[in-house]
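S.K.: Just dropping this structure here.
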Amino acid sequence: MSGLLLRLAGPLQSWGERSAFTSVRDTAPFPTRSALIGMFAAAEGIGRSEANPDRYQDLRLTVRVDRPGIRLVDYHTVGGGFPKDRTAATSGGSNKGAAVITRRHYLSDAVFVVAVTAADETVERLADALSRPHWAPYLGRRSCVPDEPFLLRRHVSDPEEELRTRVPLSRTAPQAKDGDGQETETIAVEFLWEQPPPPGPGEPAPADVIEVNDTPVSFAQHGRSHTGRRLYRTRLPVPRSLAGPPQTLMQRLIDYAHLEESA
């Protein structure tokens, strides 16, 4: 087993959670398993009607929340002011005849780092596809283009340990001090695990258990379906040295990515 690391960052992200073709298009507060598996399938050139979620069932996904982002709502209209035959189409083959109004939710300025753990051959296959994707990846919606670096590392032996100890944080370290007035050596960061999180120093890290319905069963255009999974949400200490001023972030990410090339 090994893994790869993805950095999901951009001006906007939107990870649809409950709504499908409704007037309110919501977003989960973190990347969903369905969206990430869809991203992998697209990178491999597997169409929606051909995608088999079982191909990715052995993947273990762990998310580090560098920045949760700010929720935005876009009042969105399509087809207003046009003759009926130029308005949005219906599933029955006619036209709606009026503007289609939706309220689309986004996360602004969010950053997530995802550890993808799988068998070595699967990691190699996904890394090759994500390096040269058949269809370009996006952050939940096609209008949400990811920043670089996107594929942060192609191969690491323990990607979850990398999240906790080595991957640069996309945030500035807070001014936190201990009882002696010295800056603390660690800062608390939120993680989302698909299995109980590893113990912290001294004792197990407390975790909130949440249920989400984002494991894909079918990607069929007119028959999408999902099942539930359990997530463990916790805050773990990571080295303060991983954070830094915004002007050094890109160089820190480049230096970290180049560690793989020099290994």
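By order of appearance in the structure tokens: chains A, B, ..., then residues from 1 within every chain, and ligands from 1 in the order shown.
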Once DSSP has gone over the backbone, tell me which residues of stretch 42-212 of chain A are in helix (DSSP H, G or I), as a list in words.
M.R.: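 Helix (DSSP H, G or I) assignments inside stretch 42-212 of chain A correspond to Ala42, Ala43, Pro53, Asp54, Arg55, Tyr56, Lys84, Asp85, Arg86, Asp120, Glu121, Thr122, Val123, Glu124, Arg125, Leu126, Ala127, Asp128, Ala129, Leu130, Ser131, Pro159, Glu160, Glu161, Glu162, Leu163, Arg164 and Thr165 of chain A.
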S.K.: Take the residues from that selection and write them out as a compact mmCIF listing (two decimals), in the first residue's frame, keeping N, CA and C atoms.
M.R.:
# COMPACT_ATOMS: atom_id res chain seq x y z
N ALA A 42 -12.79 10.50 -14.74
CA ALA A 42 -12.65 11.44 -15.86
C ALA A 42 -11.20 11.52 -16.31
N ALA A 43 -10.28 11.56 -15.35
CA ALA A 43 -8.86 11.62 -15.71
C ALA A 43 -8.45 10.38 -16.50
N PRO A 53 -18.16 2.39 -10.14
CA PRO A 53 -17.60 2.80 -8.85
C PRO A 53 -16.81 1.70 -8.15
N ASP A 54 -17.10 0.42 -8.46
CA ASP A 54 -16.36 -0.67 -7.82
C ASP A 54 -14.87 -0.61 -8.16
N ARG A 55 -14.54 0.03 -9.26
CA ARG A 55 -13.14 0.16 -9.67
C ARG A 55 -12.33 0.92 -8.62
N TYR A 56 -13.02 1.75 -7.82
CA TYR A 56 -12.34 2.61 -6.86
C TYR A 56 -12.74 2.32 -5.41
N LYS A 84 -39.87 31.24 -26.27
CA LYS A 84 -39.95 29.93 -25.61
C LYS A 84 -39.02 28.91 -26.24
N ASP A 85 -38.93 28.91 -27.58
CA ASP A 85 -38.11 27.88 -28.22
C ASP A 85 -36.62 28.07 -28.01
N ARG A 86 -36.23 29.17 -27.37
CA ARG A 86 -34.82 29.40 -27.07
C ARG A 86 -34.54 29.34 -25.57
N ASP A 120 -0.28 -0.34 -4.68
CA ASP A 120 0.74 0.38 -5.43
C ASP A 120 0.37 0.53 -6.91
N GLU A 121 -0.17 -0.54 -7.51
CA GLU A 121 -0.49 -0.47 -8.94
C GLU A 121 -1.64 0.51 -9.20
N THR A 122 -2.57 0.61 -8.26
CA THR A 122 -3.66 1.58 -8.40
C THR A 122 -3.15 2.99 -8.28
N VAL A 123 -2.27 3.23 -7.32
CA VAL A 123 -1.68 4.56 -7.15
C VAL A 123 -0.93 4.98 -8.40
N GLU A 124 -0.17 4.07 -8.98
CA GLU A 124 0.59 4.39 -10.19
C GLU A 124 -0.36 4.72 -11.34
N ARG A 125 -1.43 3.95 -11.48
CA ARG A 125 -2.41 4.19 -12.55
C ARG A 125 -3.08 5.55 -12.40
N LEU A 126 -3.50 5.88 -11.17
CA LEU A 126 -4.16 7.17 -10.93
C LEU A 126 -3.19 8.32 -11.11
N ALA A 127 -1.97 8.17 -10.64
CA ALA A 127 -0.98 9.24 -10.78
C ALA A 127 -0.72 9.54 -12.25
N ASP A 128 -0.58 8.50 -13.07
CA ASP A 128 -0.38 8.72 -14.51
C ASP A 128 -1.57 9.45 -15.12
N ALA A 129 -2.79 9.04 -14.74
CA ALA A 129 -3.99 9.68 -15.30
C ALA A 129 -4.11 11.13 -14.85
N LEU A 130 -3.85 11.41 -13.59
CA LEU A 130 -3.97 12.78 -13.08
C LEU A 130 -2.88 13.69 -13.61
N SER A 131 -1.73 13.11 -13.98
CA SER A 131 -0.65 13.90 -14.58
C SER A 131 -0.99 14.31 -16.01
N PRO A 159 0.87 8.35 2.96
CA PRO A 159 0.36 9.70 2.67
C PRO A 159 -0.33 10.35 3.86
N GLU A 160 -0.94 9.58 4.73
CA GLU A 160 -1.61 10.18 5.89
C GLU A 160 -0.59 10.76 6.86
N GLU A 161 0.54 10.07 7.03
CA GLU A 161 1.61 10.61 7.88
C GLU A 161 2.19 11.88 7.25
N GLU A 162 2.26 11.91 5.93
CA GLU A 162 2.74 13.12 5.25
C GLU A 162 1.83 14.31 5.57
N LEU A 163 0.51 14.08 5.57
CA LEU A 163 -0.42 15.17 5.90
C LEU A 163 -0.15 15.73 7.28
N ARG A 164 0.20 14.86 8.21
CA ARG A 164 0.36 15.28 9.60
C ARG A 164 1.72 15.90 9.89
N THR A 165 2.72 15.59 9.07
CA THR A 165 4.07 15.97 9.46
C THR A 165 4.87 16.75 8.43
S.K.: Run DSSP on the backbone and grab whatever in stretch 2-122 of chain A lands in strand (DSSP E or B); send it over as a PyMOL selection string.
M.R.: chain A and resi 2-9+12-13+15+24-25+28+60-67+70-78+89+95+100-108+111-118
S.K.: For the residues selected in the previous step, produce a file with C-alpha atoms as a PDB file, in the first residue's frame.
M.R.:
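The result, stored in out-v3.pdb:
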ATOM      1  CA  SER A   2       1.105   3.542  -0.795  1.00  0.00           C
ATOM      2  CA  GLY A   3      -0.563   6.739  -1.906  1.00  0.00           C
ATOM      3  CA  LEU A   4      -0.581  10.080  -3.630  1.00  0.00           C
ATOM      4  CA  LEU A   5      -1.405  13.607  -2.485  1.00  0.00           C
ATOM      5  CA  LEU A   6      -3.804  16.037  -4.152  1.00  0.00           C
ATOM      6  CA  ARG A   7      -4.054  19.716  -3.280  1.00  0.00           C
ATOM      7  CA  LEU A   8      -7.549  21.052  -4.018  1.00  0.00           C
ATOM      8  CA  ALA A   9      -7.403  24.841  -4.098  1.00  0.00           C
ATOM      9  CA  LEU A  12     -14.250  28.577  -5.968  1.00  0.00           C
ATOM     10  CA  GLN A  13     -15.166  24.978  -5.133  1.00  0.00           C
ATOM     11  CA  TRP A  15     -19.062  19.738  -3.737  1.00  0.00           C
ATOM     12  CA  VAL A  24     -30.844  25.133  -4.788  1.00  0.00           C
ATOM     13  CA  ARG A  25     -27.470  23.558  -5.618  1.00  0.00           C
ATOM     14  CA  ALA A  28     -20.653  20.015   1.256  1.00  0.00           C
ATOM     15  CA  ARG A  60      -8.996   5.260   1.280  1.00  0.00           C
ATOM     16  CA  LEU A  61      -9.413   9.026   1.255  1.00  0.00           C
ATOM     17  CA  THR A  62      -8.193  11.279   4.062  1.00  0.00           C
ATOM     18  CA  VAL A  63      -8.784  15.037   3.915  1.00  0.00           C
ATOM     19  CA  ARG A  64      -6.816  17.751   5.683  1.00  0.00           C
ATOM     20  CA  VAL A  65      -8.686  21.063   5.871  1.00  0.00           C
ATOM     21  CA  ASP A  66      -6.088  23.781   5.388  1.00  0.00           C
ATOM     22  CA  ARG A  67      -8.718  26.484   4.866  1.00  0.00           C
ATOM     23  CA  ILE A  70     -16.222  31.112   2.956  1.00  0.00           C
ATOM     24  CA  ARG A  71     -19.636  29.986   1.723  1.00  0.00           C
ATOM     25  CA  LEU A  72     -21.021  32.051  -1.162  1.00  0.00           C
ATOM     26  CA  VAL A  73     -24.440  31.844  -2.839  1.00  0.00           C
ATOM     27  CA  ASP A  74     -24.787  32.840  -6.500  1.00  0.00           C
ATOM     28  CA  TYR A  75     -28.229  33.887  -7.766  1.00  0.00           C
ATOM     29  CA  HIS A  76     -28.102  32.281 -11.209  1.00  0.00           C
ATOM     30  CA  THR A  77     -30.505  32.617 -14.156  1.00  0.00           C
ATOM     31  CA  VAL A  78     -30.605  30.898 -17.556  1.00  0.00           C
ATOM     32  CA  ALA A  89     -35.001  22.400 -22.508  1.00  0.00           C
ATOM     33  CA  ASN A  95     -38.839  24.158 -23.566  1.00  0.00           C
ATOM     34  CA  VAL A 100     -34.500  28.916 -14.918  1.00  0.00           C
ATOM     35  CA  ILE A 101     -33.495  30.306 -11.533  1.00  0.00           C
ATOM     36  CA  THR A 102     -31.017  28.525  -9.265  1.00  0.00           C
ATOM     37  CA  ARG A 103     -29.076  29.454  -6.161  1.00  0.00           C
ATOM     38  CA  ARG A 104     -25.669  27.847  -6.381  1.00  0.00           C
ATOM     39  CA  HIS A 105     -23.514  27.446  -3.284  1.00  0.00           C
ATOM     40  CA  TYR A 106     -19.725  27.668  -3.412  1.00  0.00           C
ATOM     41  CA  LEU A 107     -16.745  27.601  -1.071  1.00  0.00           C
ATOM     42  CA  SER A 108     -14.512  30.596  -1.714  1.00  0.00           C
ATOM     43  CA  VAL A 111      -7.893  24.610   0.428  1.00  0.00           C
ATOM     44  CA  PHE A 112      -7.945  20.856   1.060  1.00  0.00           C
ATOM     45  CA  VAL A 113      -5.129  18.323   0.815  1.00  0.00           C
ATOM     46  CA  VAL A 114      -6.300  14.766   0.108  1.00  0.00           C
ATOM     47  CA  ALA A 115      -4.294  11.627   0.821  1.00  0.00           C
ATOM     48  CA  VAL A 116      -5.328   8.808  -1.519  1.00  0.00           C
ATOM     49  CA  THR A 117      -4.176   5.419  -0.197  1.00  0.00           C
ATOM     50  CA  ALA A 118      -4.437   2.277  -2.329  1.00  0.00           C
TER      51      ALA A 118
END
S.K.: In Å, rounded to a single decimal, give me how far atom CA of A:Ser14 is from atom CA of A:Ala110.
M.R.: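 A separation of 10.1 Å between them.
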S.K.: When you count only C-alpha atoms, which of these residues is closest to A:Arg141: A:Ala119, A:Ala257, A:Met1, A:Ala35?
M.R.: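 Smallest distance to A:Arg141 is found for A:Ala35.
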S.K.: Could you pull the residues within 9 Å of A:Pro206, counting only C-alpha atoms, minus those fewer than 6 positions along the same chain, as a PyMOL selection string?
M.R.: chain A and resi 197+199+233-235
S.K.: To one decimal place in Å, what is the distance between atom CA of A:Glu183 and atom CA of A:Arg240?
M.R.: 9.2 Å
S.K.: Of the candidates A:Ser49, A:Arg33, A:Gly228, A:Ile187, which shows the shortest atom-to-atom distance to A:Gln175, using only C-alpha atoms?
M.R.: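 Checking each candidate against A:Gln175, we get A:Ile187 as the closest.
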